[in-house]
file model.tsv (TSV, C-alpha atoms)
chain	number	residue	atom	x	y	z
A	907	MET	CA	0.00	0.00	0.00
A	908	ILE	CA	1.25	3.48	-0.87
A	909	GLU	CA	1.89	5.44	2.30
A	910	LEU	CA	0.64	9.01	2.43
A	911	ASN	CA	1.49	11.61	5.05
A	912	PHE	CA	-1.74	11.85	7.03
A	913	GLU	CA	0.05	13.37	10.03
A	914	LYS	CA	0.24	16.95	8.78
A	915	MET	CA	-3.52	17.41	8.85
A	916	GLY	CA	-4.51	15.23	11.78
A	917	GLY	CA	-5.39	12.14	9.79
A	918	LEU	CA	-6.46	13.77	6.53
A	919	VAL	CA	-5.00	14.66	3.15
A	920	PRO	CA	-6.58	17.07	0.64
A	921	ALA	CA	-7.70	15.40	-2.59
A	922	ILE	CA	-8.27	17.31	-5.82
A	923	ALA	CA	-10.54	15.89	-8.54
A	924	GLN	CA	-9.80	16.94	-12.11
A	925	ASP	CA	-12.03	16.11	-15.09
A	926	GLU	CA	-10.31	13.73	-17.50
A	927	LYS	CA	-12.04	15.27	-20.53
A	928	THR	CA	-12.00	19.01	-19.88
A	929	GLY	CA	-9.04	19.25	-17.49
A	930	ALA	CA	-11.22	21.40	-15.24
A	931	VAL	CA	-10.58	21.21	-11.52
A	932	LEU	CA	-13.91	19.91	-10.24
A	933	MET	CA	-13.59	19.97	-6.46
A	934	LEU	CA	-11.40	19.58	-3.44
A	935	ALA	CA	-12.29	17.27	-0.59
A	936	PHE	CA	-10.40	15.34	2.09
A	937	MET	CA	-9.49	11.71	2.53
A	938	ASN	CA	-8.65	9.83	5.69
A	939	ARG	CA	-6.74	6.55	5.40
A	940	GLU	CA	-9.96	4.56	4.98
A	941	ALA	CA	-11.17	6.81	2.14
A	942	TRP	CA	-7.77	6.61	0.42
A	943	GLU	CA	-7.71	2.81	0.60
A	944	ALA	CA	-11.33	2.58	-0.57
A	945	THR	CA	-10.53	4.81	-3.55
A	946	LEU	CA	-7.56	2.62	-4.52
A	947	LYS	CA	-9.57	-0.56	-4.08
A	948	THR	CA	-12.87	0.41	-5.70
A	949	GLY	CA	-11.74	2.89	-8.36
A	950	ARG	CA	-14.48	5.25	-7.20
A	951	ALA	CA	-13.55	8.54	-5.58
A	952	THR	CA	-14.21	8.17	-1.88
A	953	TYR	CA	-13.69	11.04	0.51
A	954	TYR	CA	-14.09	11.73	4.19
A	955	SER	CA	-16.80	14.16	5.18
A	956	ARG	CA	-15.55	16.42	7.96
A	957	THR	CA	-19.00	17.81	8.69
A	958	ARG	CA	-20.67	14.40	8.86
A	959	ASP	CA	-17.58	12.56	10.22
A	960	THR	CA	-18.11	9.66	7.85
A	961	LEU	CA	-16.80	8.01	4.69
A	962	TRP	CA	-18.35	9.60	1.63
A	963	VAL	CA	-18.54	7.74	-1.66
A	964	LYS	CA	-18.93	10.71	-3.99
A	965	GLY	CA	-22.20	10.52	-5.96
A	966	LEU	CA	-23.86	7.81	-3.89
A	967	THR	CA	-26.96	9.96	-3.39
A	968	SER	CA	-26.97	11.87	-6.67
A	969	GLY	CA	-25.69	9.08	-8.89
A	970	HIS	CA	-22.93	11.43	-9.98
A	971	ILE	CA	-20.07	9.16	-9.03
A	972	GLN	CA	-16.45	9.74	-10.02
A	973	ASN	CA	-14.71	6.88	-11.78
A	974	VAL	CA	-11.01	7.26	-11.08
A	975	LYS	CA	-8.84	7.11	-14.19
A	976	GLU	CA	-5.52	8.13	-12.69
A	977	ILE	CA	-4.14	8.89	-9.24
A	978	ARG	CA	-1.20	11.15	-8.56
A	979	VAL	CA	0.55	11.98	-5.31
A	980	ASP	CA	2.51	15.16	-4.72
A	981	CYS	CA	6.19	15.58	-3.85
A	982	ASP	CA	5.76	15.28	-0.09
A	983	ALA	CA	2.95	12.71	-0.28
A	984	ASP	CA	0.43	14.86	1.56
A	985	THR	CA	-1.92	15.68	-1.33
A	986	VAL	CA	-3.71	13.51	-3.88
A	987	LEU	CA	-4.78	14.40	-7.41
A	988	LEU	CA	-7.47	12.25	-9.02
A	989	THR	CA	-8.24	12.32	-12.71
A	990	VAL	CA	-11.87	11.28	-12.93
A	991	GLU	CA	-14.70	10.52	-15.27
A	992	GLN	CA	-17.46	12.62	-13.72
A	993	VAL	CA	-20.70	10.71	-14.23
A	994	GLY	CA	-23.63	13.07	-14.84
A	995	GLY	CA	-21.28	15.84	-15.94
A	996	ALA	CA	-21.37	17.71	-12.64
A	997	ALA	CA	-19.34	17.38	-9.46
A	998	CYS	CA	-20.95	20.13	-7.41
A	999	HIS	CA	-24.02	19.64	-5.21
A	1000	THR	CA	-25.26	23.00	-6.56
A	1001	GLY	CA	-25.58	21.47	-10.02
A	1002	PHE	CA	-22.56	23.19	-11.55
A	1003	ALA	CA	-20.02	21.05	-13.38
A	1004	SER	CA	-17.24	22.27	-11.09
A	1005	CYS	CA	-17.44	23.57	-7.53
A	1006	PHE	CA	-15.25	26.46	-8.73
A	1007	TYR	CA	-18.01	28.29	-10.63
A	1008	GLN	CA	-17.33	31.62	-8.91
A	1009	LYS	CA	-14.70	33.87	-10.36
A	1010	VAL	CA	-13.08	36.93	-8.82
A	1011	GLU	CA	-13.82	39.99	-10.93
A	1012	ASP	CA	-13.14	43.56	-9.79
A	1013	GLY	CA	-13.02	42.47	-6.17
A	1014	ALA	CA	-16.30	40.52	-6.22
A	1015	LEU	CA	-17.39	36.95	-6.91
A	1016	VAL	CA	-19.19	36.44	-10.21
A	1017	THR	CA	-20.95	33.20	-11.11
A	1018	GLU	CA	-19.79	31.75	-14.40
A	1019	GLY	CA	-21.76	29.32	-16.54
A	1020	GLU	CA	-25.01	27.52	-15.83
A	1021	PRO	CA	-25.82	24.52	-13.64
A	1022	VAL	CA	-25.92	21.15	-15.40
A	1023	PHE	CA	-28.67	19.80	-13.16
A	1024	ASP	CA	-31.30	21.05	-10.74
A	1025	PRO	CA	-30.31	20.04	-7.19
A	1026	LYS	CA	-33.98	19.81	-6.16
A	1027	GLU	CA	-34.54	17.14	-8.80
A	1028	VAL	CA	-31.40	15.20	-7.99
A	1029	TYR	CA	-31.46	15.25	-4.19
A	1030	LYS	CA	-35.28	15.23	-3.80
A	1031	GLU	CA	-34.98	17.53	-0.82
B	827	MET	CA	-12.95	42.20	0.16
B	828	ILE	CA	-14.23	38.74	-0.70
B	829	GLU	CA	-14.84	36.77	2.46
B	830	LEU	CA	-13.59	33.18	2.55
B	831	ASN	CA	-14.40	30.59	5.17
B	832	PHE	CA	-11.15	30.33	7.12
B	833	GLU	CA	-12.93	28.79	10.12
B	834	LYS	CA	-13.12	25.22	8.87
B	835	MET	CA	-9.35	24.77	8.90
B	836	GLY	CA	-8.33	26.93	11.83
B	837	GLY	CA	-7.49	30.04	9.83
B	838	LEU	CA	-6.44	28.43	6.56
B	839	VAL	CA	-7.93	27.54	3.17
B	840	PRO	CA	-6.39	25.15	0.65
B	841	ALA	CA	-5.30	26.82	-2.58
B	842	ILE	CA	-4.76	24.93	-5.82
B	843	ALA	CA	-2.53	26.34	-8.56
B	844	GLN	CA	-3.31	25.31	-12.14
B	845	ASP	CA	-1.11	26.15	-15.13
B	846	GLU	CA	-2.85	28.55	-17.51
B	847	LYS	CA	-1.18	27.02	-20.57
B	848	THR	CA	-1.20	23.27	-19.94
B	849	GLY	CA	-4.12	23.02	-17.52
B	850	ALA	CA	-1.92	20.86	-15.28
B	851	VAL	CA	-2.52	21.04	-11.56
B	852	LEU	CA	0.82	22.34	-10.31
B	853	MET	CA	0.54	22.26	-6.53
B	854	LEU	CA	-1.60	22.65	-3.48
B	855	ALA	CA	-0.70	24.94	-0.64
B	856	PHE	CA	-2.53	26.87	2.05
B	857	MET	CA	-3.47	30.50	2.53
B	858	ASN	CA	-4.27	32.37	5.69
B	859	ARG	CA	-6.16	35.65	5.45
B	860	GLU	CA	-2.96	37.64	5.00
B	861	ALA	CA	-1.79	35.39	2.14
B	862	TRP	CA	-5.20	35.61	0.46
B	863	GLU	CA	-5.26	39.40	0.65
B	864	ALA	CA	-1.65	39.63	-0.55
B	865	THR	CA	-2.48	37.40	-3.53
B	866	LEU	CA	-5.46	39.61	-4.45
B	867	LYS	CA	-3.45	42.78	-4.03
B	868	THR	CA	-0.17	41.82	-5.70
B	869	GLY	CA	-1.33	39.33	-8.35
B	870	ARG	CA	1.43	36.98	-7.22
B	871	ALA	CA	0.51	33.68	-5.62
B	872	THR	CA	1.22	34.04	-1.91
B	873	TYR	CA	0.73	31.16	0.47
B	874	TYR	CA	1.16	30.46	4.15
B	875	SER	CA	3.88	28.03	5.10
B	876	ARG	CA	2.64	25.76	7.87
B	877	THR	CA	6.11	24.37	8.58
B	878	ARG	CA	7.79	27.79	8.71
B	879	ASP	CA	4.73	29.61	10.12
B	880	THR	CA	5.21	32.51	7.75
B	881	LEU	CA	3.88	34.19	4.61
B	882	TRP	CA	5.39	32.61	1.54
B	883	VAL	CA	5.55	34.47	-1.76
B	884	LYS	CA	5.91	31.52	-4.10
B	885	GLY	CA	9.14	31.71	-6.08
B	886	LEU	CA	10.83	34.41	-4.03
B	887	THR	CA	13.94	32.26	-3.57
B	888	SER	CA	13.92	30.36	-6.86
B	889	GLY	CA	12.61	33.17	-9.06
B	890	HIS	CA	9.83	30.82	-10.13
B	891	ILE	CA	6.99	33.07	-9.14
B	892	GLN	CA	3.36	32.49	-10.09
B	893	ASN	CA	1.60	35.37	-11.83
B	894	VAL	CA	-2.08	34.99	-11.08
B	895	LYS	CA	-4.29	35.15	-14.17
B	896	GLU	CA	-7.60	34.13	-12.63
B	897	ILE	CA	-8.93	33.36	-9.17
B	898	ARG	CA	-11.86	31.09	-8.48
B	899	VAL	CA	-13.57	30.25	-5.21
B	900	ASP	CA	-15.53	27.06	-4.60
B	901	CYS	CA	-19.21	26.64	-3.69
B	902	ASP	CA	-18.73	26.93	0.06
B	903	ALA	CA	-15.92	29.50	-0.14
B	904	ASP	CA	-13.39	27.35	1.66
B	905	THR	CA	-11.06	26.54	-1.26
B	906	VAL	CA	-9.31	28.72	-3.82
B	907	LEU	CA	-8.27	27.84	-7.37
B	908	LEU	CA	-5.60	29.99	-8.99
B	909	THR	CA	-4.88	29.93	-12.70
B	910	VAL	CA	-1.25	30.97	-12.95
B	911	GLU	CA	1.55	31.75	-15.31
B	912	GLN	CA	4.33	29.64	-13.81
B	913	VAL	CA	7.56	31.56	-14.35
B	914	GLY	CA	10.49	29.21	-15.03
B	915	GLY	CA	8.12	26.43	-16.08
B	916	ALA	CA	8.26	24.55	-12.80
B	917	ALA	CA	6.26	24.86	-9.59
B	918	CYS	CA	7.89	22.09	-7.57
B	919	HIS	CA	11.00	22.59	-5.40
B	920	THR	CA	12.21	19.23	-6.78
B	921	GLY	CA	12.48	20.79	-10.24
B	922	PHE	CA	9.47	19.07	-11.74
B	923	ALA	CA	6.90	21.22	-13.54
B	924	SER	CA	4.14	19.99	-11.22
B	925	CYS	CA	4.38	18.67	-7.66
B	926	PHE	CA	2.19	15.78	-8.84
B	927	TYR	CA	4.91	13.96	-10.79
B	928	GLN	CA	4.27	10.63	-9.07
B	929	LYS	CA	1.60	8.38	-10.51
B	930	VAL	CA	0.01	5.32	-8.94
B	931	GLU	CA	0.71	2.26	-11.07
B	932	ASP	CA	0.07	-1.30	-9.93
B	933	GLY	CA	-0.02	-0.23	-6.31
B	934	ALA	CA	3.26	1.70	-6.41
B	935	LEU	CA	4.35	5.28	-7.09
B	936	VAL	CA	6.10	5.81	-10.41
B	937	THR	CA	7.86	9.07	-11.32
B	938	GLU	CA	6.65	10.52	-14.60
B	939	GLY	CA	8.61	12.96	-16.75
B	940	GLU	CA	11.85	14.77	-16.07
B	941	PRO	CA	12.71	17.75	-13.87
B	942	VAL	CA	12.78	21.12	-15.63
B	943	PHE	CA	15.56	22.46	-13.41
B	944	ASP	CA	18.21	21.19	-11.02
B	945	PRO	CA	17.25	22.20	-7.44
B	946	LYS	CA	20.95	22.44	-6.48
B	947	GLU	CA	21.46	25.12	-9.13
B	948	VAL	CA	18.34	27.06	-8.27
B	949	TYR	CA	18.45	26.99	-4.47
B	950	LYS	CA	22.28	27.04	-4.13
B	951	GLU	CA	22.07	24.73	-1.14

call {"tool": "encode", "arguments": {"input": "model.tsv", "output": "structure tokens"}}
result
Amino acid sequence: MIELNFEKMGGLVPAIAQDEKTGAVLMLAFMNREAWEATLKTGRATYYSRTRDTLWVKGLTSGHIQNVKEIRVDCDADTVLLTVEQVGGAACHTGFASCFYQKVEDGALVTEGEPVFDPKEVYKE
Amino acid sequence: MIELNFEKMGGLVPAIAQDEKTGAVLMLAFMNREAWEATLKTGRATYYSRTRDTLWVKGLTSGHIQNVKEIRVDCDADTVLLTVEQVGGAACHTGFASCFYQKVEDGALVTEGEPVFDPKEVYKE
């Protein structure tokens, strides 16, 4: 098993997901050791939810899972970069393709693009 | 000033740097409020070094600064994505273009590509 440095962040490493087709950075989440090993084993991006304190298979509720195509580890082994096939075309719970849909312009945040799905439809809240 | 959520990580937010030309994810570092405001003000990627507990203008020693071309903020305003012009062609202190030069293959880490510079030359250690 590849050993990551989980010490620096109290048991977590940041994990970046990048879209294999567009190259867009989709999101950043965190992995604990269990999430890291699950991702390696299953080939599905699995994170650790800090707010819910639980393992989080991305897309389990929405169906918008991330099939992992490539995994990279940075120079000091404390950050992970996943290249993923984003099922459903959107990584963000807001319905946008990427979580980074807000751009800084003249000192303010401006929303760019349109959501790919309607969260109300997908999450049935 | 755009307000980020620094609370979640005890005063820090993760910041991803992506190369404007290649789209490659170059590195992940952290920003405190001072680093964030300095980045906005100067247009040079400025991070916070956790190990050295100090503001860190990327490239100040090596000359490999990052000119910020675009700044994005994620859905819950706790992560930053910088699109940068990477001066010198390499973001990593090891000399590789990206810090993510190690790829998972058959359960092991394999180095991909070649360094762009020799760290001994650049850092004069």

call {"tool": "closest_residue", "arguments": {"input": "model.tsv", "among": "A:Asp1024, A:Asp980, A:Glu913, A:Glu1011", "to": "chain B", "atoms": "only C-alpha atoms"}}
result
A:Asp980

call {"tool": "interface_residues", "arguments": {"input": "model.tsv", "of": "chain A", "to": "chain B", "cutoff": "9 Å", "atoms": "all atoms listed in the file", "output": "JSON, numbers by chain"}}
result
{"A": [907, 908, 920, 922, 924, 929, 930, 931, 933, 934, 946, 976, 977, 978, 979, 980, 981, 982, 985, 986, 987, 998, 999, 1000, 1004, 1005, 1006, 1007, 1008, 1009, 1010, 1011, 1013, 1014, 1015]}

call {"tool": "closest_residue", "arguments": {"input": "model.tsv", "among": "B:Lys946, B:Asp845, B:Tyr873, B:Gly889", "to": "Ala923 of chain B", "atoms": "only C-alpha atoms"}}
result
B:Asp845

call {"tool": "atom_distance", "arguments": {"input": "model.tsv", "atom1": "atom CA of Trp862 of chain B", "atom2": "atom CA of Gly837 of chain B"}}
result
11.1 Å

call {"tool": "calpha_fit_and_write", "arguments": {"input": "model.tsv", "fixed": "chain B", "moving": "chain A", "output": "mmCIF file with C-alpha atoms, in the frame of the given file"}}
result
data_model
loop_
_atom_site.group_PDB
_atom_site.id
_atom_site.type_symbol
_atom_site.label_atom_id
_atom_site.label_comp_id
_atom_site.auth_asym_id
_atom_site.auth_seq_id
_atom_site.Cartn_x
_atom_site.Cartn_y
_atom_site.Cartn_z
ATOM 1 C CA MET A 907 -12.975 42.208 0.150
ATOM 2 C CA ILE A 908 -14.234 38.731 -0.718
ATOM 3 C CA GLU A 909 -14.837 36.759 2.452
ATOM 4 C CA LEU A 910 -13.585 33.189 2.555
ATOM 5 C CA ASN A 911 -14.404 30.579 5.175
ATOM 6 C CA PHE A 912 -11.152 30.333 7.117
ATOM 7 C CA GLU A 913 -12.907 28.802 10.132
ATOM 8 C CA LYS A 914 -13.111 25.226 8.871
ATOM 9 C CA MET A 915 -9.350 24.767 8.896
ATOM 10 C CA GLY A 916 -8.327 26.937 11.823
ATOM 11 C CA GLY A 917 -7.471 30.034 9.834
ATOM 12 C CA LEU A 918 -6.438 28.416 6.556
ATOM 13 C CA VAL A 919 -7.936 27.538 3.190
ATOM 14 C CA PRO A 920 -6.384 25.138 0.653
ATOM 15 C CA ALA A 921 -5.301 26.820 -2.583
ATOM 16 C CA ILE A 922 -4.767 24.922 -5.826
ATOM 17 C CA ALA A 923 -2.529 26.352 -8.567
ATOM 18 C CA GLN A 924 -3.309 25.315 -12.132
ATOM 19 C CA ASP A 925 -1.113 26.156 -15.134
ATOM 20 C CA GLU A 926 -2.861 28.544 -17.516
ATOM 21 C CA LYS A 927 -1.166 27.016 -20.571
ATOM 22 C CA THR A 928 -1.197 23.274 -19.934
ATOM 23 C CA GLY A 929 -4.130 23.024 -17.511
ATOM 24 C CA ALA A 930 -1.924 20.867 -15.294
ATOM 25 C CA VAL A 931 -2.521 21.043 -11.566
ATOM 26 C CA LEU A 932 0.823 22.339 -10.320
ATOM 27 C CA MET A 933 0.546 22.266 -6.536
ATOM 28 C CA LEU A 934 -1.610 22.644 -3.490
ATOM 29 C CA ALA A 935 -0.688 24.944 -0.642
ATOM 30 C CA PHE A 936 -2.548 26.864 2.066
ATOM 31 C CA MET A 937 -3.454 30.492 2.530
ATOM 32 C CA ASN A 938 -4.258 32.360 5.706
ATOM 33 C CA ARG A 939 -6.172 35.640 5.449
ATOM 34 C CA GLU A 940 -2.958 37.633 5.000
ATOM 35 C CA ALA A 941 -1.780 35.394 2.138
ATOM 36 C CA TRP A 942 -5.199 35.599 0.458
ATOM 37 C CA GLU A 943 -5.258 39.398 0.652
ATOM 38 C CA ALA A 944 -1.652 39.633 -0.558
ATOM 39 C CA THR A 945 -2.485 37.414 -3.537
ATOM 40 C CA LEU A 946 -5.466 39.607 -4.465
ATOM 41 C CA LYS A 947 -3.452 42.786 -4.037
ATOM 42 C CA THR A 948 -0.171 41.822 -5.697
ATOM 43 C CA GLY A 949 -1.330 39.352 -8.353
ATOM 44 C CA ARG A 950 1.423 36.988 -7.233
ATOM 45 C CA ALA A 951 0.513 33.692 -5.615
ATOM 46 C CA THR A 952 1.215 34.049 -1.921
ATOM 47 C CA TYR A 953 0.723 31.170 0.464
ATOM 48 C CA TYR A 954 1.165 30.467 4.137
ATOM 49 C CA SER A 955 3.886 28.034 5.087
ATOM 50 C CA ARG A 956 2.669 25.764 7.873
ATOM 51 C CA THR A 957 6.127 24.372 8.559
ATOM 52 C CA ARG A 958 7.798 27.782 8.722
ATOM 53 C CA ASP A 959 4.723 29.616 10.124
ATOM 54 C CA THR A 960 5.226 32.525 7.758
ATOM 55 C CA LEU A 961 3.879 34.186 4.620
ATOM 56 C CA TRP A 962 5.395 32.608 1.536
ATOM 57 C CA VAL A 963 5.547 34.480 -1.749
ATOM 58 C CA LYS A 964 5.911 31.518 -4.094
ATOM 59 C CA GLY A 965 9.158 31.716 -6.100
ATOM 60 C CA LEU A 966 10.841 34.419 -4.039
ATOM 61 C CA THR A 967 13.947 32.269 -3.583
ATOM 62 C CA SER A 968 13.920 30.370 -6.869
ATOM 63 C CA GLY A 969 12.614 33.168 -9.065
ATOM 64 C CA HIS A 970 9.843 30.821 -10.132
ATOM 65 C CA ILE A 971 6.993 33.087 -9.141
ATOM 66 C CA GLN A 972 3.362 32.509 -10.092
ATOM 67 C CA ASN A 973 1.602 35.375 -11.821
ATOM 68 C CA VAL A 974 -2.090 34.991 -11.081
ATOM 69 C CA LYS A 975 -4.295 35.152 -14.165
ATOM 70 C CA GLU A 976 -7.598 34.126 -12.631
ATOM 71 C CA ILE A 977 -8.938 33.353 -9.169
ATOM 72 C CA ARG A 978 -11.870 31.089 -8.463
ATOM 73 C CA VAL A 979 -13.582 30.247 -5.197
ATOM 74 C CA ASP A 980 -15.535 27.064 -4.596
ATOM 75 C CA CYS A 981 -19.204 26.640 -3.686
ATOM 76 C CA ASP A 982 -18.732 26.927 0.070
ATOM 77 C CA ALA A 983 -15.925 29.498 -0.142
ATOM 78 C CA ASP A 984 -13.383 27.342 1.661
ATOM 79 C CA THR A 985 -11.066 26.533 -1.258
ATOM 80 C CA VAL A 986 -9.306 28.713 -3.821
ATOM 81 C CA LEU A 987 -8.276 27.836 -7.366
ATOM 82 C CA LEU A 988 -5.605 29.993 -8.999
ATOM 83 C CA THR A 989 -4.877 29.936 -12.697
ATOM 84 C CA VAL A 990 -1.250 30.978 -12.955
ATOM 85 C CA GLU A 991 1.553 31.748 -15.324
ATOM 86 C CA GLN A 992 4.331 29.643 -13.813
ATOM 87 C CA VAL A 993 7.564 31.556 -14.353
ATOM 88 C CA GLY A 994 10.488 29.199 -15.005
ATOM 89 C CA GLY A 995 8.126 26.432 -16.088
ATOM 90 C CA ALA A 996 8.254 24.550 -12.796
ATOM 91 C CA ALA A 997 6.261 24.868 -9.592
ATOM 92 C CA CYS A 998 7.894 22.111 -7.571
ATOM 93 C CA HIS A 999 10.989 22.594 -5.404
ATOM 94 C CA THR A 1000 12.215 19.240 -6.780
ATOM 95 C CA GLY A 1001 12.495 20.782 -10.238
ATOM 96 C CA PHE A 1002 9.458 19.067 -11.740
ATOM 97 C CA ALA A 1003 6.897 21.213 -13.533
ATOM 98 C CA SER A 1004 4.143 19.983 -11.216
ATOM 99 C CA CYS A 1005 4.384 18.671 -7.663
ATOM 100 C CA PHE A 1006 2.182 15.784 -8.849
ATOM 101 C CA TYR A 1007 4.920 13.962 -10.786
ATOM 102 C CA GLN A 1008 4.261 10.626 -9.071
ATOM 103 C CA LYS A 1009 1.615 8.380 -10.499
ATOM 104 C CA VAL A 1010 0.013 5.314 -8.952
ATOM 105 C CA GLU A 1011 0.730 2.262 -11.081
ATOM 106 C CA ASP A 1012 0.064 -1.312 -9.946
ATOM 107 C CA GLY A 1013 -0.015 -0.236 -6.321
ATOM 108 C CA ALA A 1014 3.264 1.716 -6.402
ATOM 109 C CA LEU A 1015 4.345 5.288 -7.091
ATOM 110 C CA VAL A 1016 6.107 5.811 -10.409
ATOM 111 C CA THR A 1017 7.856 9.055 -11.318
ATOM 112 C CA GLU A 1018 6.658 10.516 -14.589
ATOM 113 C CA GLY A 1019 8.603 12.955 -16.742
ATOM 114 C CA GLU A 1020 11.860 14.753 -16.063
ATOM 115 C CA PRO A 1021 12.694 17.745 -13.872
ATOM 116 C CA VAL A 1022 12.773 21.122 -15.620
ATOM 117 C CA PHE A 1023 15.548 22.464 -13.407
ATOM 118 C CA ASP A 1024 18.206 21.206 -11.022
ATOM 119 C CA PRO A 1025 17.256 22.203 -7.457
ATOM 120 C CA LYS A 1026 20.938 22.431 -6.468
ATOM 121 C CA GLU A 1027 21.467 25.110 -9.104
ATOM 122 C CA VAL A 1028 18.336 27.047 -8.252
ATOM 123 C CA TYR A 1029 18.439 26.983 -4.453
ATOM 124 C CA LYS A 1030 22.263 27.003 -4.106
ATOM 125 C CA GLU A 1031 21.998 24.692 -1.131
#

call {"tool": "closest_residue", "arguments": {"input": "model.tsv", "among": "A:Leu910, A:Pro1021, A:Lys927, A:Gly994", "to": "Glu943 of chain A", "atoms": "all atoms listed in the file"}}
result
A:Leu910

call {"tool": "atom_distance", "arguments": {"input": "model.tsv", "atom1": "atom CA of Lys1030 of chain A", "atom2": "atom CA of Gly949 of chain A"}}
result
27.0 Å

call {"tool": "residues_around", "arguments": {"input": "model.tsv", "residues": "Glu846 of chain B", "least_positions_apart": "6", "cutoff": "6 Å", "atoms": "only C-alpha atoms", "output": "list in words"}}
result
Thr909, Val910 and Glu911 of chain B

call {"tool": "axis_aligned_box", "arguments": {"input": "model.tsv", "around": "segment 859-863 of chain B", "padding_each_side": "5 Å", "output": "JSON"}}
result
{"center_x": -4.0, "center_y": 37.4, "center_z": 3.0, "size_x": 14.4, "size_y": 14.0, "size_z": 15.0}

call {"tool": "residues_around", "arguments": {"input": "model.tsv", "residues": "Thr948 of chain A", "least_positions_apart": "3", "cutoff": "12 Å", "atoms": "all atoms listed in the file", "output": "CSV table (one decimal) with C-alpha atoms, in the coordinates of the input"}}
result
chain,number,residue,atom,x,y,z
A,940,GLU,CA,-10.0,4.6,5.0
A,941,ALA,CA,-11.2,6.8,2.1
A,942,TRP,CA,-7.8,6.6,0.4
A,943,GLU,CA,-7.7,2.8,0.6
A,944,ALA,CA,-11.3,2.6,-0.6
A,945,THR,CA,-10.5,4.8,-3.6
A,951,ALA,CA,-13.6,8.5,-5.6
A,952,THR,CA,-14.2,8.2,-1.9
A,963,VAL,CA,-18.5,7.7,-1.7
A,971,ILE,CA,-20.1,9.2,-9.0
A,972,GLN,CA,-16.4,9.7,-10.0
A,973,ASN,CA,-14.7,6.9,-11.8
A,974,VAL,CA,-11.0,7.3,-11.1
A,975,LYS,CA,-8.8,7.1,-14.2

call {"tool": "atom_distance", "arguments": {"input": "model.tsv", "atom1": "atom CA of Asn831 of chain B", "atom2": "atom CA of Tyr874 of chain B"}}
result
15.6 Å

call {"tool": "closest_residue", "arguments": {"input": "model.tsv", "among": "A:Phe1023, A:Tyr1029, A:Phe936, A:Phe912", "to": "Ala996 of chain A", "atoms": "all atoms listed in the file"}}
result
A:Phe1023
